[in-house]
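Structure data follow from final_29.txt (compact mmCIF, C-alpha atoms):
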```txt
# COMPACT_ATOMS: atom_id res chain seq x y z
CA MET A 85 172.08 54.10 37.88
CA SER A 86 169.94 57.16 38.59
CA THR A 87 169.91 58.61 42.08
CA GLU A 88 166.67 60.46 41.40
CA VAL A 89 163.61 59.53 43.38
CA PRO A 90 160.94 57.85 41.23
CA PRO A 91 158.18 60.27 40.16
CA ASP A 92 155.50 58.59 42.26
CA GLU A 93 157.65 59.01 45.37
CA VAL A 94 158.02 62.72 44.56
CA MET A 95 154.25 62.98 44.21
CA PHE A 96 153.19 60.78 47.13
CA SER A 97 155.04 61.09 50.44
CA ALA A 98 155.16 58.07 52.74
CA THR A 99 152.33 59.63 54.74
CA ALA A 100 150.24 60.20 51.60
CA ARG A 101 150.84 56.60 50.55
CA ALA A 102 149.75 55.41 54.02
CA GLU A 103 146.59 57.52 53.73
CA GLN A 104 145.93 56.06 50.27
CA ALA A 105 146.30 52.56 51.74
CA ARG A 106 143.95 53.40 54.60
CA ARG A 107 141.32 54.72 52.18
CA GLY A 108 141.73 52.01 49.53
CA SER A 109 143.40 53.84 46.62
CA ARG A 110 147.05 52.82 47.16
CA ASP A 111 146.98 49.66 45.03
CA GLY A 112 145.62 51.58 42.04
CA TYR A 113 148.32 54.25 42.28
CA ALA A 114 151.02 51.59 42.75
CA ARG A 115 149.79 49.84 39.57
CA ALA A 116 149.76 53.16 37.69
CA ALA A 117 153.34 53.83 38.81
CA ALA A 118 154.44 50.32 37.79
CA LYS A 119 152.95 50.93 34.31
CA GLY A 120 154.93 54.19 33.98
CA ARG A 121 152.00 56.62 34.27
CA PHE A 122 153.99 59.05 36.42
CA ARG A 123 156.99 60.38 34.53
CA ARG A 124 159.70 63.03 34.58
CA GLU A 125 160.07 63.64 30.85
CA LEU A 126 157.37 65.81 29.35
CA ALA A 127 155.31 64.04 26.70
CA ASP A 128 154.36 65.75 23.44
CA ASP A 129 150.76 66.41 24.57
CA VAL A 130 152.06 67.95 27.81
CA ILE A 131 154.45 70.21 25.90
CA ALA A 132 151.60 71.33 23.63
CA PHE A 133 149.36 72.02 26.65
CA ILE A 134 152.09 74.08 28.34
CA ALA A 135 152.65 76.11 25.15
CA GLU A 136 148.97 77.11 25.07
CA ARG A 137 148.87 78.46 28.64
CA ASN A 138 148.70 82.17 29.42
CA SER A 139 148.44 81.57 33.15
CA ALA A 140 150.03 79.34 35.78
CA TYR A 141 150.24 78.98 39.53
CA LEU A 142 153.69 78.60 41.08
CA ALA A 143 153.82 77.11 44.58
CA THR A 144 156.88 77.44 46.79
CA ALA A 145 157.55 77.09 50.51
CA SER A 146 159.78 78.97 52.88
CA VAL A 147 162.66 77.32 54.69
CA LYS A 148 160.23 76.84 57.63
CA GLY A 149 157.66 75.19 55.36
CA GLN A 150 155.23 78.09 55.01
CA PRO A 151 153.53 77.52 51.63
CA TYR A 152 152.90 80.25 49.10
CA VAL A 153 151.11 80.21 45.74
CA GLN A 154 151.68 82.96 43.21
CA HIS A 155 149.86 83.48 39.94
CA ARG A 156 152.12 83.93 36.94
CA GLY A 157 150.88 85.04 33.56
CA GLY A 158 151.75 86.43 30.19
CA PRO A 159 150.91 85.87 26.56
CA ALA A 160 150.04 82.30 25.57
CA GLY A 161 153.33 80.44 25.40
CA PHE A 162 155.04 82.50 28.11
CA LEU A 163 156.00 79.18 29.68
CA ARG A 164 158.87 77.95 27.53
CA VAL A 165 159.77 74.26 27.42
CA LEU A 166 163.56 74.27 27.10
CA ASP A 167 163.83 70.49 27.01
CA ARG A 168 161.72 67.53 28.15
CA ARG A 169 162.64 68.19 31.79
CA THR A 170 162.95 71.98 31.94
CA ILE A 171 160.45 74.84 31.78
CA ALA A 172 161.42 78.50 32.10
CA PHE A 173 159.53 81.76 32.08
CA ALA A 174 160.12 85.46 32.35
CA ASP A 175 159.43 86.79 35.83
CA TYR A 176 157.88 90.21 35.29
CA ALA A 177 157.98 93.16 37.67
CA GLY A 178 155.00 93.07 40.00
CA ASN A 179 154.12 94.02 43.56
CA ARG A 180 157.74 93.76 44.74
CA GLN A 181 157.03 91.37 47.61
CA TYR A 182 159.50 88.76 46.22
CA ILE A 183 158.01 85.94 48.29
CA SER A 184 158.53 83.28 45.60
CA ALA A 185 162.10 84.50 44.93
CA GLY A 186 162.86 84.50 48.65
CA ASN A 187 161.39 81.04 49.12
CA LEU A 188 163.38 79.66 46.18
CA ALA A 189 166.60 81.11 47.63
CA ASP A 190 166.08 78.86 50.68
CA ASN A 191 164.07 75.95 49.30
CA GLU A 192 164.20 74.95 45.64
CA ARG A 193 161.17 72.64 45.84
CA ALA A 194 158.38 74.04 43.72
CA PHE A 195 155.14 73.09 42.01
CA LEU A 196 153.43 74.36 38.86
CA PHE A 197 149.67 74.03 38.47
CA LEU A 198 148.31 74.71 34.99
CA MET A 199 144.59 75.07 34.28
CA ASP A 200 142.48 74.97 31.15
CA TYR A 201 139.05 75.94 32.44
CA ALA A 202 137.42 75.89 29.00
CA GLU A 203 138.35 72.23 28.40
CA ALA A 204 138.31 71.17 32.09
CA ARG A 205 141.95 70.05 32.10
CA ARG A 206 144.69 70.61 34.66
CA LEU A 207 148.31 69.60 34.78
CA LYS A 208 150.37 69.16 37.94
CA LEU A 209 154.17 69.46 37.82
CA TRP A 210 156.47 68.81 40.76
CA GLY A 211 160.01 70.05 40.55
CA ARG A 212 162.89 72.17 41.68
CA ALA A 213 163.13 75.78 40.63
CA ARG A 214 165.64 78.57 40.71
CA VAL A 215 165.66 82.28 40.05
CA ALA A 216 167.96 83.08 37.13
CA ARG A 217 169.52 86.52 37.33
CA GLY A 218 172.38 87.73 35.18
CA GLU A 219 171.67 85.20 32.41
CA PRO A 220 170.92 87.39 29.38
CA ASP A 221 170.75 84.46 26.93
CA LEU A 222 168.08 82.78 29.03
CA VAL A 223 166.13 86.01 29.47
CA THR A 224 166.21 86.52 25.69
CA ARG A 225 164.94 82.97 25.21
CA VAL A 226 161.93 83.47 27.52
CA ALA A 227 161.12 87.06 26.56
CA ASP A 228 158.12 87.94 24.41
CA PRO A 229 159.13 91.11 22.51
CA GLY A 230 155.47 92.02 21.96
CA TYR A 231 154.64 91.99 25.67
CA GLY A 232 155.39 95.34 27.27
CA ALA A 233 156.10 94.16 30.82
CA THR A 234 159.53 94.57 32.43
CA ILE A 235 161.42 91.31 32.98
CA GLU A 236 163.23 91.25 36.30
CA GLN A 237 164.62 87.73 35.98
CA ALA A 238 163.66 84.27 34.82
CA ILE A 239 162.41 81.26 36.73
CA VAL A 240 163.82 77.88 35.67
CA PHE A 241 161.77 74.85 36.71
CA ARG A 242 163.27 71.33 36.55
CA VAL A 243 160.52 68.70 36.33
CA LEU A 244 160.72 65.80 38.78
CA ALA A 245 157.22 64.42 38.13
CA TRP A 246 154.02 65.36 36.35
CA ASP A 247 150.47 64.11 36.16
CA TRP A 248 147.19 65.11 34.62
CA ASN A 249 144.68 65.80 37.36
CA CYS A 250 141.14 64.53 37.04
CA SER A 251 138.66 66.92 35.46
CA GLN A 252 136.07 66.45 38.17
CA HIS A 253 134.86 69.68 39.79
CA ILE A 254 136.57 72.04 37.32
CA PRO A 255 134.12 74.83 36.45
CA ARG A 256 133.74 75.36 32.73
CA LEU A 257 134.93 78.90 32.17
CA VAL A 258 135.65 80.44 28.81
CA PRO A 259 137.79 83.53 28.09
CA ALA A 260 135.83 86.75 27.76
```

As structure tokens, what does this structure read like?
Amino acid sequence: MSTEVPPDEVMFSATARAEQARRGSRDGYARAAAKGRFRRELADDVIAFIAERNSAYLATASVKGQPYVQHRGGPAGFLRVLDRRTIAFADYAGNRQYISAGNLADNERAFLFLMDYAEARRLKLWGRARVARGEPDLVTRVADPGYGATIEQAIVFRVLAWDWNCSQHIPRLVPA
């Protein structure tokens, strides 16, 4: 028997569920959960979507709960799906603030938000993440030899739940 929390409970806290009930959307989300809409394992279309991304937003929080969102980017496919529950990516040298790395040292809860502005699609992934240092095999697996940036470490993200977000209000933007 699994001790993991069901995906919908990862996504919707008790307070969020109470707010959904108060505003009339709880029954619909409960039905969606009962039908298996919210899952942990990445579906084939999700894996394909992830492989096409050249940009992502990684959200973390400090031990005191202070949220932080950091843009991550690289060549299309920089996010590597290692298996149906695990995504990893090279963490390139940047501004040297190390807020995400510091947050993950104290609090492994994390969130990935992936956008496709041209097609008005977005994917939400809840999970637990860690900074992988001193793992040369993993770094080799996530490295893109054609990308000239310096890899400091890798980030490994374990998926606890995912969901496609509605396309409403996404501006249609196309790459230059």

Query - Point-to-point distance in Å for CA of Trp248 (chain A) and CA of Ala260 (chain A) - result: 25.4 Å

Which residues come within 6 Å of Phe173 (chain A), counting all atoms listed in the file, excluding same-chain residues fewer than 5 positions away, as a JSON list (two decimals) with C-alpha atoms, in the frame of the given file?
```
[["chain", "number", "residue", "atom", "x", "y", "z"],
["A", 163, "LEU", "CA", 156.00, 79.18, 29.68],
["A", 164, "ARG", "CA", 158.87, 77.95, 27.53],
["A", 226, "VAL", "CA", 161.93, 83.47, 27.52],
["A", 238, "ALA", "CA", 163.66, 84.27, 34.82],
["A", 239, "ILE", "CA", 162.41, 81.26, 36.73]]
```

Report summary line: As a check of understanding: the span from CA of Pro255 (chain A) to CA of Leu198 (chain A) is 14.3 Å

Query raised in the report: Which of these, A:Gly158, A:Pro90, A:Gly232, A:Gly178, has the shortest distance to Arg124 (chain A) once you count all atoms listed in the file?
Result: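 Comparing A:Gly158, A:Pro90, A:Gly232, A:Gly178 against Arg124 (chain A), the winner is A:Pro90.
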
Requested in this report: List the neighbours of Ala160 (chain A) out to 7 Å using all atoms listed in the file; skip same-chain residues closer than 4 positions along the sequence, and give me the result as a list in words.
Outcome: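 After dropping sequence-adjacent residues, the list is Ala135, Glu136, Arg137 and Asn138 of chain A.
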
Query raised in the report: Given the choices A:Arg212, A:Arg242, A:Arg193, A:Arg206, which gets closest to Thr170 (chain A) if the distance is worked out from all atoms listed in the file?
Result: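 Using all atoms listed in the file, Thr170 (chain A) sits closest to A:Arg242.
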
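Atom pair CA of Arg225 (chain A) / CA of Ala174 (chain A) has a distance of 9.0 Å (rounded to one decimal).
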
Report task. Dig up all the protein and nucleic acid residues within 10 Å of (161.3, 74.0, 52.5) in the file frame, using only C-alpha atoms, and format them as a list in words. Result -> Thr144, Ala145, Ser146, Val147, Lys148, Gly149, Gln150, Pro151, Asn187, Leu188, Asp190, Asn191, Glu192, Arg193 and Ala194 of chain A

Report task. Tell me which protein, DNA and RNA residues are within 10 Å of region 108-116 of chain A, counting all atoms listed in the file, leaving out same-chain ones fewer than 6 positions away, and put them as a list in words. Result ->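 Within the cut-off, the hits are Asp92, Phe96, Ala100, Arg101, Ala102 and Phe122 of chain A.
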
Keeping only C-alpha atoms, write those residues as a PDB file, in the coordinates of the input.
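Generated file (out.pdb):
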```pdb
ATOM      1  CA  ASP A  92     155.500  58.590  42.260  1.00  0.00           C
ATOM      2  CA  PHE A  96     153.190  60.780  47.130  1.00  0.00           C
ATOM      3  CA  ALA A 100     150.240  60.200  51.600  1.00  0.00           C
ATOM      4  CA  ARG A 101     150.840  56.600  50.550  1.00  0.00           C
ATOM      5  CA  ALA A 102     149.750  55.410  54.020  1.00  0.00           C
ATOM      6  CA  PHE A 122     153.990  59.050  36.420  1.00  0.00           C
TER       7      PHE A 122
END
```

Query raised in the report: Which of these, A:Ala117, A:Ala127, A:Val243, A:Ser184, has the shortest distance to Lys208 (chain A) once you count only C-alpha atoms?
Result: A:Val243

Query raised in the report: What's the 10 Å shell around Gln252 (chain A), counting all atoms listed in the file, without same-chain residues fewer than 2 positions away, as a list in words?
Result: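 My reading of the contact set: Ala204, Arg205, Asn249, Cys250, Ile254 and Pro255 of chain A.
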
Completed region 141-163 of chain A (N, CA, C and O atoms) as a compact mmCIF listing (two decimals), in the frame of the given file:
```txt
# COMPACT_ATOMS: atom_id res chain seq x y z
N TYR A 141 150.07 78.75 38.09
CA TYR A 141 150.24 78.98 39.53
C TYR A 141 151.54 78.31 39.95
O TYR A 141 151.75 77.12 39.69
N LEU A 142 152.41 79.08 40.59
CA LEU A 142 153.69 78.60 41.08
C LEU A 142 153.61 78.52 42.60
O LEU A 142 153.37 79.52 43.27
N ALA A 143 153.82 77.31 43.13
CA ALA A 143 153.82 77.11 44.58
C ALA A 143 155.26 76.90 45.05
O ALA A 143 156.03 76.18 44.42
N THR A 144 155.58 77.58 46.14
CA THR A 144 156.88 77.44 46.79
C THR A 144 156.62 77.34 48.28
O THR A 144 155.48 77.50 48.74
N ALA A 145 157.67 77.11 49.05
CA ALA A 145 157.55 77.09 50.51
C ALA A 145 158.82 77.70 51.09
O ALA A 145 159.91 77.52 50.56
N SER A 146 158.64 78.38 52.20
CA SER A 146 159.78 78.97 52.88
C SER A 146 160.63 77.88 53.52
O SER A 146 160.23 76.71 53.57
N VAL A 147 161.77 78.27 54.02
CA VAL A 147 162.66 77.32 54.69
C VAL A 147 161.95 76.69 55.90
O VAL A 147 162.24 75.55 56.26
N LYS A 148 160.99 77.38 56.49
CA LYS A 148 160.23 76.84 57.63
C LYS A 148 158.99 76.07 57.19
O LYS A 148 158.22 75.63 58.02
N GLY A 149 158.78 75.97 55.87
CA GLY A 149 157.66 75.19 55.36
C GLY A 149 156.39 75.97 55.11
O GLY A 149 155.37 75.38 54.76
N GLN A 150 156.43 77.28 55.27
CA GLN A 150 155.23 78.09 55.01
C GLN A 150 154.96 78.11 53.51
O GLN A 150 155.76 78.61 52.74
N PRO A 151 153.80 77.55 53.07
CA PRO A 151 153.53 77.52 51.63
C PRO A 151 153.09 78.87 51.09
O PRO A 151 152.58 79.72 51.82
N TYR A 152 153.30 79.04 49.79
CA TYR A 152 152.90 80.25 49.10
C TYR A 152 152.58 79.89 47.65
O TYR A 152 153.32 79.14 47.03
N VAL A 153 151.49 80.42 47.14
CA VAL A 153 151.11 80.21 45.74
C VAL A 153 151.01 81.57 45.08
O VAL A 153 150.36 82.48 45.61
N GLN A 154 151.67 81.70 43.94
CA GLN A 154 151.68 82.96 43.21
C GLN A 154 151.20 82.72 41.79
O GLN A 154 151.66 81.80 41.13
N HIS A 155 150.29 83.55 41.33
CA HIS A 155 149.86 83.48 39.94
C HIS A 155 150.96 84.06 39.06
O HIS A 155 151.57 85.07 39.39
N ARG A 156 151.21 83.41 37.94
CA ARG A 156 152.12 83.93 36.94
C ARG A 156 151.37 83.95 35.63
O ARG A 156 150.58 83.04 35.34
N GLY A 157 151.59 84.95 34.82
CA GLY A 157 150.88 85.04 33.56
C GLY A 157 151.67 85.80 32.52
O GLY A 157 152.70 86.40 32.81
N GLY A 158 151.14 85.76 31.32
CA GLY A 158 151.75 86.43 30.19
C GLY A 158 151.03 85.97 28.94
O GLY A 158 150.02 85.27 29.01
N PRO A 159 151.54 86.34 27.80
CA PRO A 159 150.91 85.87 26.56
C PRO A 159 150.96 84.35 26.48
O PRO A 159 151.85 83.72 27.05
N ALA A 160 150.00 83.75 25.77
CA ALA A 160 150.04 82.30 25.57
C ALA A 160 151.43 81.91 25.11
O ALA A 160 152.02 82.56 24.23
N GLY A 161 151.97 80.88 25.73
CA GLY A 161 153.33 80.44 25.40
C GLY A 161 154.40 81.07 26.27
O GLY A 161 155.59 80.84 26.04
N PHE A 162 154.01 81.88 27.26
CA PHE A 162 155.04 82.50 28.11
C PHE A 162 155.84 81.46 28.87
O PHE A 162 156.99 81.70 29.24
N LEU A 163 155.25 80.29 29.10
CA LEU A 163 156.00 79.18 29.68
C LEU A 163 156.75 78.50 28.55
O LEU A 163 156.14 78.01 27.60
```
